[in-house]
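Comments concern the structure below.
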Amino acid sequence: MVELLRAEIQAVLGSTPQQFIPLSGGCIGEVFRVRLADGSSIVAKVADGSGVKLDPEGYMLRYLAQHSRLPVPKVLHSSDNLLLMEFIEGDSNLGEGVQCHAAELLAELHTIKGTAFGLERDTLIGGLHQPNPQMDSWIAFFREQRLLYMAREAKRAGQLPQAVLERVEKFSQQLERWLHEPEYPALIHGDMWTTNILARDERVTGFLDPAIYYAHPEIELAFSTLFNTFGYPFFERYQHLRPIAPGFFEERRDIYNLYPLLVHVRLFGGGYVSGVSRTLTRFGF
């Protein structure tokens, strides 16, 4: 496989790879740091044969580069089976300075306005299909294209019990009790957790593996707390730049985190089902 990859990179870039260093974090393919003949490095992501295509990730990175100032790796080549990107120095040590910088970057990202919720094309989250039909109502979009879609996919894959699916369906019909429509559809990264952020010298150097669409920014903020990616330094700075409406931490955060929990149910099942169930129980379902 390495020799085939070496030949393909040579054909695409005109530079012969000298070394392949495996990297962690590839959810939908194998990832390598590739050292080229001139001493520079790139990142190569190679499809793993599961049927998941890599071109949507290339599209999303290019979209962010074209429509925002969010630091993302430059895409050098994108196809269904191979994604070549700029190599960005950094690690996932998200100290206080990094969190403050991330808050500034995401607050700016969330000022970018769309004409509808969703996106011009479907994307991926964690290798899973993420539908983005453009809709005028955020609550309807979140209900139909996030909660119900992913819950039904998890049930179809045998990872979510029918009884829990029915609870999700009932809860989703009552979202207006807790959620509200934002001022406008805002561009979000969509998969905001620790391993998708690179930092160096107390600054964010890059955001990786996006799952973009236009949404309520609160779903991004919620996701960043699910696995403790960001804490007080981030939210103090973000709140100063873009005030968060009352009730987010008390109620809406847990509602929005049902979506990434359902993504994890679809991927892994197991204990994530109980997390979904606990949230439903909390809200009376």
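For the structure tokens, the naming scheme is as follows: chains receive sequential letters (A, B, ...) according to their order of presentation, residues are indexed from 1 within each chain, and ligands are indexed from 1 in presentation order.
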Tell me, which residues of range 142-258 of chain A carry DSSP alpha helix (DSSP H), written as a PyMOL selection string?
chain A and resi 149-156+162-172+217-226+232-241+253-256+258
Using only C-alpha atoms, I'd like a table of the residues in range 178-209 of chain A that come within 7 Å of range 79-92 of chain A; for each, show the closest atom pair and its distance in Å rounded to one decimal, ordered by chain and ascending number, as a Markdown table.
| residue | atom | partner | partner_atom | distance |
| --- | --- | --- | --- | --- |
| A:Thr194 | CA | A:Ser92 | CA | 6.2 |
| A:Thr195 | CA | A:Ser92 | CA | 6.0 |
| A:Ile197 | CA | A:Ser92 | CA | 6.0 |
| A:Leu198 | CA | A:Gly90 | CA | 4.8 |
| A:Ala199 | CA | A:Gly90 | CA | 4.7 |
| A:Arg200 | CA | A:Gly90 | CA | 4.9 |
| A:Thr205 | CA | A:Gly90 | CA | 6.5 |
| A:Gly206 | CA | A:Ile88 | CA | 6.8 |
Quick check for you: according to DSSP on this backbone, which residues of range 72-203 of chain A are classed as strand (DSSP E)? Reply as a ChimeraX atom specification.
/A:75-78,82-86,123-125,128-130,186-188,197-200,203
Write the residues of the preceding selection, restricted to N, CA and C atoms, as a short mmCIF file (atom, residue, chain, number, x, y, z; two decimals), in the first residue's frame.
data_model
loop_
_atom_site.label_atom_id
_atom_site.label_comp_id
_atom_site.auth_asym_id
_atom_site.auth_seq_id
_atom_site.Cartn_x
_atom_site.Cartn_y
_atom_site.Cartn_z
N VAL A 75 -5.55 22.42 1.49
CA VAL A 75 -5.76 21.18 0.75
C VAL A 75 -4.91 21.21 -0.52
N LEU A 76 -4.05 20.22 -0.67
CA LEU A 76 -3.17 20.12 -1.83
C LEU A 76 -3.76 19.22 -2.91
N HIS A 77 -4.57 18.27 -2.49
CA HIS A 77 -5.21 17.34 -3.43
C HIS A 77 -6.36 16.67 -2.70
N SER A 78 -7.46 16.48 -3.40
CA SER A 78 -8.62 15.85 -2.79
C SER A 78 -9.32 14.96 -3.80
N LEU A 82 -8.00 9.75 -1.59
CA LEU A 82 -6.76 10.34 -1.09
C LEU A 82 -6.95 11.83 -0.84
N LEU A 83 -6.53 12.26 0.35
CA LEU A 83 -6.56 13.67 0.71
C LEU A 83 -5.16 14.07 1.13
N LEU A 84 -4.59 15.06 0.46
CA LEU A 84 -3.27 15.58 0.79
C LEU A 84 -3.42 16.99 1.32
N MET A 85 -2.79 17.24 2.47
CA MET A 85 -2.95 18.51 3.15
C MET A 85 -1.62 19.04 3.65
N GLU A 86 -1.60 20.33 3.87
CA GLU A 86 -0.49 20.98 4.56
C GLU A 86 -0.29 20.35 5.94
N THR A 123 -22.44 16.61 4.03
CA THR A 123 -21.06 16.47 4.49
C THR A 123 -20.94 15.19 5.31
N LEU A 124 -19.90 15.13 6.13
CA LEU A 124 -19.63 13.97 6.98
C LEU A 124 -19.38 14.43 8.40
N ILE A 125 -19.70 13.56 9.36
CA ILE A 125 -19.26 13.74 10.74
C ILE A 125 -18.80 12.37 11.24
N LEU A 128 -19.64 9.48 9.11
CA LEU A 128 -21.05 9.24 8.85
C LEU A 128 -21.63 10.33 7.96
N HIS A 129 -22.59 9.93 7.14
CA HIS A 129 -23.29 10.89 6.30
C HIS A 129 -23.99 11.93 7.18
N GLN A 130 -23.86 13.21 6.80
CA GLN A 130 -24.51 14.29 7.53
C GLN A 130 -25.35 15.10 6.53
N ALA A 186 -25.48 30.59 11.23
CA ALA A 186 -24.05 30.89 11.39
C ALA A 186 -23.21 29.69 10.97
N LEU A 187 -22.09 29.96 10.34
CA LEU A 187 -21.18 28.89 9.95
C LEU A 187 -20.50 28.31 11.18
N ILE A 188 -20.49 26.98 11.29
CA ILE A 188 -19.83 26.31 12.40
C ILE A 188 -18.83 25.28 11.87
N ILE A 197 -8.13 19.88 17.24
CA ILE A 197 -7.52 21.19 17.44
C ILE A 197 -6.02 21.01 17.65
N LEU A 198 -5.24 21.80 16.93
CA LEU A 198 -3.79 21.81 17.11
C LEU A 198 -3.38 23.16 17.68
N ALA A 199 -2.41 23.15 18.59
CA ALA A 199 -1.97 24.39 19.23
C ALA A 199 -0.46 24.35 19.44
N ARG A 200 0.12 25.53 19.51
CA ARG A 200 1.55 25.67 19.77
C ARG A 200 1.77 27.06 20.37
N ARG A 203 -1.29 29.27 21.24
CA ARG A 203 -2.13 29.74 20.14
C ARG A 203 -2.63 28.53 19.36
#
Using only C-alpha atoms for the distances, tell me which of A:Pro217, A:Pro17, A:Pro73, A:Gly97 is nearest to Phe248 in chain A.
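Nearest to Phe248 in chain A: A:Pro217.
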Using only C-alpha atoms, the residue out of A:Pro182, A:Pro131, A:Pro71, A:Gly14 with shortest distance to Ile212 in chain A is A:Pro131
Closest of A:Gly190, A:Pro185, A:Gly269, A:Pro22 to Lys113 in chain A - atom-to-atom distances counting only C-alpha atoms
A:Pro185
Neighbour list for Leu64 in chain A as a VMD selection string, cut-off 9 Å, only C-alpha atoms, skip fewer than 4 positions in-chain:
chain A and resid 59 to 60 68 to 72 187 189 210 212
Next, dump the selected residues to file, keeping only C-alpha atoms, as a compact mmCIF listing (two decimals), in the first residue's frame.
# COMPACT_ATOMS: atom_id res chain seq x y z
CA TYR A 59 -14.46 20.29 0.26
CA MET A 60 -15.12 21.34 3.87
CA SER A 68 -13.60 32.31 6.95
CA ARG A 69 -10.30 33.10 8.64
CA LEU A 70 -10.37 29.93 10.71
CA PRO A 71 -6.91 28.32 10.54
CA VAL A 72 -7.25 25.04 8.66
CA LEU A 187 -21.18 28.89 9.95
CA HIS A 189 -16.90 23.91 12.38
CA PRO A 210 -14.64 19.71 10.17
CA ILE A 212 -19.50 22.17 8.60
Could I get the residues of range 10-115 of chain A with an atom no further than 7 Å from an atom of range 230-237 of chain A, each paired with its nearest atom pair and that distance in Å to one decimal, using only C-alpha atoms, sorted by chain and residue number, as a Markdown table?
| residue | atom | partner | partner_atom | distance |
| --- | --- | --- | --- | --- |
| A:Glu96 | CA | A:Pro233 | CA | 5.8 |
| A:Gln99 | CA | A:Phe234 | CA | 4.7 |
| A:Cys100 | CA | A:Phe234 | CA | 5.0 |
| A:Ala103 | CA | A:Phe234 | CA | 5.3 |
Taking only C-alpha atoms into account, which of A:Gly58, A:Ile9, A:Ala211, A:Asp254 comes nearest Arg35 in chain A?
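Answer, going by the shortest atom-to-atom distance: A:Ile9.
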Might you pull out every residue within 9 Å of range 157-166 of chain A, with only C-alpha atoms counted and same-chain residues fewer than 4 positions away left off, and present them as a PyMOL selection string?
chain A and resi 148+151-153+170-171+262+265-270+273+276-277+280
Contact residues around Arg121 in chain A with only C-alpha atoms at 9 Å, ignoring same-chain residues under 4 positions, as number ranges by chain
A: 131-134
